[in-house]
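K.L.:
For reference, the structure I am asking about is given below.
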Amino acid sequence: NLCQTETKEEMFIAIPGKFKSTDLNNTSSDHLVVHSSTPKFHPESSFLKQLWALTYREMISNIRDTGALMGRFGITIMLSLIFGLIFLGVGAKSNESDGDFNNHVGAISMLMILGLFGSAQSVMLNFPFERPMFLREFSTGTYGGLAYFVSKTAIEVPMTFLQTIVLYIISYFMMSLQGNYILLVLATFGLSMVSNSLAMILGCLVADVKDVTELAPLMYVPQILFGGFFIRTNLIPVWLRWVQYICGMKYGMNLVFMNEFRVSSDSCSATPGALKHCSDLLSSNSVDTEIFYVYIIVLVVLFAGFRIAAGFVLVQKANAVV
């Protein structure tokens with residue numbers, strides 16, 4: 001049974017009467033005290049029932065929060081238009097000159113940075129507000145941690161995919177990009193989901209939105225630095241290069257580079273100079289077109305690993321306050 005109210009903050013899944021012994025007076029989100037004869041309640045509903053109820057609640061919550069939806073997609077549309085106007089037709093130009101080639105790489109890089117932050121922002125800002133509700137309901141045995149995180153993923157995946165499609169519908173044609181549209185969308189979507197999971201870890205670690213925003217650069221600036229567009233990865237000190245292997249941005253950029261700057265594309269094969277630029281970009285960033293599937297697998301592993309880590313952190317915090 002789902003009890004829904006007019007505000008997002010008050011929506012909750014009905015708690016059985018015997019579980020309604022939680023004392024929330026004068027307690028913070030991380031210091032809930034549950035008075036019961038047993039140290040911990042366990043959900044009585046099946047996993048599928050919990051998953052259905054939580055997914056439905058998450059969907060209704062997103063639909064009702066029109067401001068957040070408009071902000072999420074409105075910012076994507078606005079920035080896509082700005083990037084499209086700044087880099088108008090850059091993909092159709094020859095990569096012969098350094099200026100045209102650098103502009104082409106810059107356009108792709110800005111789209112990937114937007115993909116990195118686009119879906120993460122909403123999670124970083126919203127998740128701290130959901131922590132008290134999760135701690136309360138998990139502590140009273142309303143549902144399990146696995147069902148909660150699977151339900152959030154079930155809603156976040158299509159939302160992020162739709163957001164990525166909107167991004168490329170505008171920018172792809174305005175910039176006259178040369179890569180395969182579907183592959184560019186999928187590569188950026190993979191990066192966005194890894195970034196989303198990383199933001200969830202941050203939201204689980206700290207309870208205050210201010211702390212989340214202050215810690216966010218620590219999580220995301222290294223992603224940009226090791227992505228390969230501000231500095232080629234072969235120029236990074238050897239003892240620091242290992243960091244790139246745990247950065248989703250690196251693998252997303254590899255997939256996009258090999259798609260947009262493949263040597264067989266019109267902009268790269270038009271002249272010997274253009275061909276050299278594209279080949280040097282791929283080699284200097286250690287992009288191997290023969291193992292593209294490895295980059296895809298690593299993105300999936302990072303996404304799953306960060307999600308599991310976030311769930312572990314939040315469940316441990318919930319168990320600690322029972």
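All residue names refer to the structure tokens as shown: chains lettered A, B, ... in order, residues numbered from 1 in each chain, ligands numbered from 1 in order.
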If DSSP is run on the backbone, what residues of region 70-247 of chain A are helix (DSSP H, G or I)? A reply as number ranges by chain would be ideal.
P.N.:
A: 70-86, 90-92, 98-139, 145-175, 181-205, 209-225, 233-235, 238-246
K.L.:
Quick one: everything within 6 Å of region 293-308 of chain A, counting only C-alpha atoms, minus sequence neighbours fewer than 4 positions away in the same chain. Send it as an mmCIF file with N, CA and C atoms, in the first residue's frame.
P.N.:
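And here is the file that came out, part_10.cif:
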data_model
loop_
_atom_site.group_PDB
_atom_site.id
_atom_site.type_symbol
_atom_site.label_atom_id
_atom_site.label_comp_id
_atom_site.auth_asym_id
_atom_site.auth_seq_id
_atom_site.Cartn_x
_atom_site.Cartn_y
_atom_site.Cartn_z
ATOM 1 N N VAL A 194 27.853 6.197 -14.923
ATOM 2 C CA VAL A 194 28.966 6.055 -13.981
ATOM 3 C C VAL A 194 29.046 7.291 -13.090
ATOM 4 N N SER A 197 26.313 7.237 -10.489
ATOM 5 C CA SER A 197 26.613 6.330 -9.376
ATOM 6 C C SER A 197 27.650 6.936 -8.440
ATOM 7 N N LEU A 198 28.615 7.650 -9.009
ATOM 8 C CA LEU A 198 29.620 8.320 -8.189
ATOM 9 C C LEU A 198 28.975 9.393 -7.320
ATOM 10 N N TYR A 251 37.259 6.146 -20.216
ATOM 11 C CA TYR A 251 36.712 5.119 -21.098
ATOM 12 C C TYR A 251 35.612 5.687 -22.000
#
K.L.:
Just the residues within 9 Å of Phe101 (chain A), please, counting only C-alpha atoms, with nothing from its chain fewer than 6 positions along; format it as a PyMOL selection string.
P.N.:
chain A and resi 90-91+93-95+274+277-278
K.L.:
Kindly assemble as JSON lines a list of the region 174-281 of chain A residues that lie within 12 Å of region 109-129 of chain A, each paired with its nearest atom pair and their distance in Å to one decimal, using only C-alpha atoms, sorted first by chain and then by ascending residue number.
P.N.:
{"residue": "A:Met175", "atom": "CA", "partner": "A:Leu111", "partner_atom": "CA", "distance": 10.8}
{"residue": "A:Leu177", "atom": "CA", "partner": "A:Leu111", "partner_atom": "CA", "distance": 11.4}
{"residue": "A:Leu184", "atom": "CA", "partner": "A:Met112", "partner_atom": "CA", "distance": 9.8}
{"residue": "A:Val185", "atom": "CA", "partner": "A:Gly115", "partner_atom": "CA", "distance": 9.8}
{"residue": "A:Leu186", "atom": "CA", "partner": "A:Gly115", "partner_atom": "CA", "distance": 11.1}
{"residue": "A:Ala187", "atom": "CA", "partner": "A:Met112", "partner_atom": "CA", "distance": 9.1}
{"residue": "A:Thr188", "atom": "CA", "partner": "A:Gly115", "partner_atom": "CA", "distance": 6.0}
{"residue": "A:Phe189", "atom": "CA", "partner": "A:Gly115", "partner_atom": "CA", "distance": 7.3}
{"residue": "A:Gly190", "atom": "CA", "partner": "A:Gly115", "partner_atom": "CA", "distance": 9.2}
{"residue": "A:Leu191", "atom": "CA", "partner": "A:Leu116", "partner_atom": "CA", "distance": 6.3}
{"residue": "A:Ser192", "atom": "CA", "partner": "A:Leu116", "partner_atom": "CA", "distance": 5.2}
{"residue": "A:Met193", "atom": "CA", "partner": "A:Ser119", "partner_atom": "CA", "distance": 7.5}
{"residue": "A:Val194", "atom": "CA", "partner": "A:Leu116", "partner_atom": "CA", "distance": 8.4}
{"residue": "A:Ser195", "atom": "CA", "partner": "A:Leu116", "partner_atom": "CA", "distance": 5.8}
{"residue": "A:Asn196", "atom": "CA", "partner": "A:Ala120", "partner_atom": "CA", "distance": 4.5}
{"residue": "A:Ser197", "atom": "CA", "partner": "A:Ala120", "partner_atom": "CA", "distance": 7.8}
{"residue": "A:Leu198", "atom": "CA", "partner": "A:Ala120", "partner_atom": "CA", "distance": 7.8}
{"residue": "A:Ala199", "atom": "CA", "partner": "A:Met124", "partner_atom": "CA", "distance": 5.5}
{"residue": "A:Met200", "atom": "CA", "partner": "A:Val123", "partner_atom": "CA", "distance": 6.3}
{"residue": "A:Ile201", "atom": "CA", "partner": "A:Met124", "partner_atom": "CA", "distance": 9.0}
{"residue": "A:Leu202", "atom": "CA", "partner": "A:Met124", "partner_atom": "CA", "distance": 7.1}
{"residue": "A:Gly203", "atom": "CA", "partner": "A:Phe127", "partner_atom": "CA", "distance": 5.6}
{"residue": "A:Cys204", "atom": "CA", "partner": "A:Pro128", "partner_atom": "CA", "distance": 7.3}
{"residue": "A:Leu205", "atom": "CA", "partner": "A:Pro128", "partner_atom": "CA", "distance": 9.3}
{"residue": "A:Val206", "atom": "CA", "partner": "A:Pro128", "partner_atom": "CA", "distance": 7.4}
{"residue": "A:Ala207", "atom": "CA", "partner": "A:Pro128", "partner_atom": "CA", "distance": 5.2}
{"residue": "A:Asp208", "atom": "CA", "partner": "A:Pro128", "partner_atom": "CA", "distance": 6.1}
{"residue": "A:Val209", "atom": "CA", "partner": "A:Leu125", "partner_atom": "CA", "distance": 6.1}
{"residue": "A:Lys210", "atom": "CA", "partner": "A:Leu125", "partner_atom": "CA", "distance": 9.0}
{"residue": "A:Asp211", "atom": "CA", "partner": "A:Pro128", "partner_atom": "CA", "distance": 9.9}
{"residue": "A:Val212", "atom": "CA", "partner": "A:Met124", "partner_atom": "CA", "distance": 6.6}
{"residue": "A:Thr213", "atom": "CA", "partner": "A:Met124", "partner_atom": "CA", "distance": 7.5}
{"residue": "A:Glu214", "atom": "CA", "partner": "A:Met124", "partner_atom": "CA", "distance": 10.9}
{"residue": "A:Leu215", "atom": "CA", "partner": "A:Met124", "partner_atom": "CA", "distance": 10.3}
{"residue": "A:Ala216", "atom": "CA", "partner": "A:Met124", "partner_atom": "CA", "distance": 8.3}
{"residue": "A:Pro217", "atom": "CA", "partner": "A:Phe117", "partner_atom": "CA", "distance": 10.8}
{"residue": "A:Met219", "atom": "CA", "partner": "A:Ala120", "partner_atom": "CA", "distance": 11.0}
{"residue": "A:Tyr220", "atom": "CA", "partner": "A:Leu116", "partner_atom": "CA", "distance": 8.2}
{"residue": "A:Val221", "atom": "CA", "partner": "A:Ile113", "partner_atom": "CA", "distance": 10.3}
{"residue": "A:Pro222", "atom": "CA", "partner": "A:Leu116", "partner_atom": "CA", "distance": 11.9}
{"residue": "A:Gln223", "atom": "CA", "partner": "A:Leu116", "partner_atom": "CA", "distance": 8.7}
{"residue": "A:Ile224", "atom": "CA", "partner": "A:Ile113", "partner_atom": "CA", "distance": 7.4}
{"residue": "A:Leu225", "atom": "CA", "partner": "A:Ile113", "partner_atom": "CA", "distance": 11.0}
{"residue": "A:Gly227", "atom": "CA", "partner": "A:Ser109", "partner_atom": "CA", "distance": 8.7}
{"residue": "A:Gly228", "atom": "CA", "partner": "A:Ser109", "partner_atom": "CA", "distance": 9.0}
{"residue": "A:Phe229", "atom": "CA", "partner": "A:Ser109", "partner_atom": "CA", "distance": 6.5}
{"residue": "A:Phe230", "atom": "CA", "partner": "A:Ser109", "partner_atom": "CA", "distance": 9.0}
{"residue": "A:Ile231", "atom": "CA", "partner": "A:Ser109", "partner_atom": "CA", "distance": 11.9}
{"residue": "A:Cys247", "atom": "CA", "partner": "A:Leu116", "partner_atom": "CA", "distance": 11.1}
{"residue": "A:Gly248", "atom": "CA", "partner": "A:Leu116", "partner_atom": "CA", "distance": 9.0}
{"residue": "A:Met249", "atom": "CA", "partner": "A:Leu116", "partner_atom": "CA", "distance": 7.5}
{"residue": "A:Lys250", "atom": "CA", "partner": "A:Met112", "partner_atom": "CA", "distance": 10.4}
{"residue": "A:Tyr251", "atom": "CA", "partner": "A:Met112", "partner_atom": "CA", "distance": 11.2}
{"residue": "A:Gly252", "atom": "CA", "partner": "A:Met112", "partner_atom": "CA", "distance": 7.9}
{"residue": "A:Met253", "atom": "CA", "partner": "A:Met112", "partner_atom": "CA", "distance": 7.4}
{"residue": "A:Asn254", "atom": "CA", "partner": "A:Met112", "partner_atom": "CA", "distance": 11.1}
{"residue": "A:Leu255", "atom": "CA", "partner": "A:Met112", "partner_atom": "CA", "distance": 11.0}
{"residue": "A:Val256", "atom": "CA", "partner": "A:Met112", "partner_atom": "CA", "distance": 8.7}
{"residue": "A:Phe257", "atom": "CA", "partner": "A:Ser109", "partner_atom": "CA", "distance": 9.5}
{"residue": "A:Glu260", "atom": "CA", "partner": "A:Ser109", "partner_atom": "CA", "distance": 11.3}
K.L.:
Neighbours of Phe47 (chain A) within 8 Å (only C-alpha atoms; same-chain residues fewer than 4 positions away dropped), as a list of chain:residue names?
P.N.:
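Returned residues: A:Leu51, A:Gly144, A:Ala147.
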K.L.:
Need to verify the contact set: Ala154 (chain A), 12 Å, only C-alpha atoms, exclusion of same-chain residues closer than 5 positions in sequence. Can you return it as a ChimeraX atom specification?
P.N.:
/A:51-52,54-59,147-149,159-161,193
K.L.:
Pick out the residues sitting within 12 Å of Ser279 (chain A), and hand them over as a PyMOL selection string; count only C-alpha atoms, and ignore anything fewer than 2 positions along from it in its own chain.
P.N.:
chain A and resi 95+101+257-258+260-265+268-269+272-277+281-289
K.L.:
CA of Asn180 (chain A) and CA of Val243 (chain A) are how many Å apart?
P.N.:
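These atoms are spaced 29.0 Å apart.
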K.L.:
Which residue is closest to Ser61 (chain A)? Choose from A:Ile86, A:Met174, A:Ile155, A:Leu146 and count only C-alpha atoms.
P.N.:
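The closest residue to Ser61 (chain A) is A:Ile155.
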K.L.:
Could you check which of A:Arg136, A:Arg72, A:Arg232, A:Arg241 is closest to Gln163 (chain A), using only C-alpha atoms?
P.N.:
A:Arg72
